[in-house]
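A.B. asks: After the C-alpha cells below, expect a handful of questions from me.
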Amino acid sequence: MLRPTRQATRAAFRGAAAAAFLAATGLMSAAQAADPAHEAKGGMPQLDFANPLTTAQVVWLAIIFVVLYLLLSRWALPQVGAVLEKRANRIQGDLAAAQSAKASADGAVAELTAATQQAQATAQAEIAAALAAANEAAAGQAATLNARLDKQLAEAEQRIGAARDAAMGALRSVAADTAAAVVTRLVGSAPASGTVEQAVDAALAARRG
Amino acid sequence: MAAEGPTIDALSQFMLTPALGALGHSVNFTQANVFMLAAAALTLGMLYFGARPAAIVPGRLQALAELAYEGIYNMCTDQIGKEGRIFFPFVFTLFFFVLMGNMLGMLPYAFTYTSHIAVTFALAAMVIVLVTVVALRIHGLHFFSYFFPDGAPKLLAPLIVPVEIISYLSRPVSLSIRLFANMVAGHVMLKVFASFVVMMAGAGVIGVFASAAPLALIVVLIGFEFLVALLQAYVFAILTCIYLHDAVHLH
C-alpha cells in the first residue's frame, strides 16, 4: 500500500519539477528573444552594475532567501526532525523493552537456579537420611544375627562337649571291658575289677596329657 | 546559447534577462530569480515529500531528506557546539540555496545564479552581518577583544589590530569570490571547450575527428563541475559554521 503512493509521489514530484523547469526556460528564451537590448558589450555581465537587473536580482534574492528560510525553519525542517525523533523514540522504546525483557529473563534464570539448588539440597538430605536409616537397620540386623549365631555356636559347642564327654565315658567302659576280656582270654581268669579300670584311666590320662 | 559565428562567446551565458514576461519585466524579475525559486521549490519539495512517508525504515527520498537534515545538523553542532542548533535552519538554507544553484546551473540552458558576484556577495554579506550581530549580542563590547588575541604583546597592538580587522572584513570578500570564481571558471571552461567542438567540427573531415578531444574533455569537466558544485556549497556552509563558532565562542 505504501509503495504505489510513494511512486505516485515521486512521479508527481518529477512531473512538477520538469514542468517548472520547462516553464522557466520557455519564459527565459521568450524574454531573451524579446529583449535584444542587453547584448554582449564585452566584459563580464556580472560586473555590469549599470544594468539594473544586476542589483534587482539581489533584491529578489533577499526576498526568496528570507521566504525559503522561514518555510524551511517553520515548516519543512520540523517535519523531517519529527520523523527522526519518532524513529529515535521508537528505537529508545524498543531498547527499553528489550532491557526489561532481559531483566525478567535474568530473574527467571536466577529463580530457576535457586529452585534447582534447593531441590538438589533436599534430595541430598533425603539420600543422606535414607542411607543413615538403612545403615542403622543393617547394623541392628547384623547385631541380632551375630548374637543368634553366637548363641547357636555356644549351644553347639556345649552339645559337642557333652557328646565328647559321653563318648569319652563310653570309651572308658568299652576299653575296660575289652581289656578285661583280653586279659581273661590271655590269663584264663578275670582280673580284679579295680585294676583294669585303673590301668585304662592311666592310659587315657597319658594320651590326653 | 550556442556560439555565434567563429568567435567564442563564453560570457553571454551570465547575461541577466527579465523572466516571467511583462510582469517580470516590470519588477526586474530575472531568470536568475526563476532559478532561485526553482532551487527553493526543490529544497522544500525534497524535505516535504521526503518526510511525508514518515517510515521507520526510510525509502530513497526519505533517506535523502534525512541525510540532508542530519548532515547539516551535525555540521552545525560539530563546528559551533550545542549552540549550533539555533543556526541550523540558516546554515541549511544557505547550503541548499548554494548547492541547488550550482547543481541547477549544470542543466543545459540553465542559468547559474551563484556565478554572479552580486548574489554571492549578498549571501556572504548576510553571513558576516549575522556573525557580527550574534557576536555583539552574546559578548557585547567584549566582542572587540576578538581583534586582539590574548597574550599578544601590547607593543604590537597597532600592528595586530588592523591586521585582524582587515582579516575579519576580508571574510565576506573571500567567501563570495571563492564561490563566484569557481562557478564562473567552470562554466567559462565548459563553454570554451564546447565552442571548440563546434568550431573544429565545422572545419572539415579531420576537424570532425579532432573535435573528439575537446568533447572528451567536456565529459570530464562536467563530472568535475558536479564535484565543484557540491564542494563549494559545502565550503560555503562550513566556513559560515566556523565564523559562527568564532562569534559564539570568540577565539
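Naming works like this for the C-alpha cells: A, B, ... for the chains as they're shown, residue 1 at the start of each chain, ligands 1 onward in shown order.
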For chain B against chain A, which residues fall within 8 Å using only C-alpha atoms, given as JSON, numbers by chain?

C.D. replies: {"B": [11, 12, 14, 15, 16, 17, 18, 19, 20, 21, 28, 29, 30, 31, 32, 33, 34, 35, 36, 37, 38, 40, 42, 44, 45, 47, 48, 49, 50, 51, 52, 53, 54, 55, 56, 65, 66, 69, 89, 90, 93, 97, 109, 110, 115, 116, 117, 118, 119, 122]}

A.B. asks: To one decimal place, how far is atom CA of Lys82 of chain B from atom CA of Ala247 of chain B in Å?

C.D. replies: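 So the two atoms, atom CA of Lys82 of chain B and atom CA of Ala247 of chain B, lie 13.6 Å apart.
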
A.B. asks: Extract, using only C-alpha atoms, all DNA, RNA and protein residues at most 9 Å from Ile238 of chain B, discarding same-chain residues fewer than 5 positions from it, and format them as a ChimeraX atom specification.

C.D. replies: /B:75-76,79,91,95,233,243

A.B. asks: I need the residues from that last selection saved to file as a compact mmCIF listing (two decimals), in the first residue's frame (with N, CA, C and O atoms), if you can.

C.D. replies:
```txt
# COMPACT_ATOMS: atom_id res chain seq x y z
N MET B 75 26.93 19.09 11.09
CA MET B 75 27.93 20.10 10.74
C MET B 75 27.81 21.27 11.72
O MET B 75 28.81 21.76 12.25
N CYS B 76 26.59 21.71 11.98
CA CYS B 76 26.36 22.84 12.89
C CYS B 76 26.82 22.51 14.30
O CYS B 76 27.55 23.27 14.92
N GLN B 79 30.71 21.96 14.49
CA GLN B 79 31.55 23.14 14.29
C GLN B 79 31.26 24.20 15.34
O GLN B 79 32.17 24.87 15.81
N VAL B 91 21.94 27.71 8.29
CA VAL B 91 23.02 27.03 7.54
C VAL B 91 22.42 26.08 6.52
O VAL B 91 22.92 25.97 5.40
N PHE B 95 23.22 26.35 2.66
CA PHE B 95 23.86 25.24 1.94
C PHE B 95 23.01 24.83 0.74
O PHE B 95 23.53 24.69 -0.37
N ALA B 233 29.43 24.46 -2.23
CA ALA B 233 28.31 24.63 -1.31
C ALA B 233 28.73 24.21 0.09
O ALA B 233 28.42 24.88 1.09
N TYR B 243 32.76 30.64 11.18
CA TYR B 243 32.60 32.05 11.58
C TYR B 243 31.61 32.16 12.74
O TYR B 243 31.81 32.94 13.67
```

A.B. asks: Using only C-alpha atoms, determine which residues lie at most 10 Å from Phe144 of chain B, disregarding the query and same-chain residues fewer than 4 positions distant; provide the list as a list in words.

C.D. replies: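 The residues that qualify are Ala135, Leu136, His139, Gly140, Phe148, Val161, Ile165 and Leu250 of chain B.
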
A.B. asks: Would you pick out the contacts of segment 174-184 of chain A at 7 Å or less, using only C-alpha atoms, so that residues sharing its chain but fewer than 4 positions from it are not included, and give the list as a list in words?

C.D. replies: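 After dropping sequence-adjacent residues, the list is Ala170, Gly188, Ser189, Ala190, Pro191, Val196, Glu197 and Val200 of chain A.
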
A.B. asks: Counting only C-alpha atoms, which of B:Leu175, B:Ile138, B:Val197, B:Met106 gets nearest to Ala212 of chain B?

C.D. replies: B:Val197

A.B. asks: Identify, on the basis of only C-alpha atoms, every residue whose closest approach to Ala213 of chain B does not exceed 10 Å; exclude the query and any residue fewer than 4 positions from it along the same chain; express the result as a list in words.

C.D. replies: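 The residues that qualify are Phe193, Phe196, Val197, Phe209, Leu217 and Ile218 of chain B.
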
A.B. asks: If I take atom CA of Ile8 of chain B and atom CA of Met189 of chain B, how far is one from the other in Å, to one decimal?

C.D. replies: 10.9 Å

A.B. asks: Quick one: of B:Leu61, B:Val188, B:Phe88, B:Val228, who's nearest to Asn74 of chain B, counting only C-alpha atoms?

C.D. replies: B:Phe88
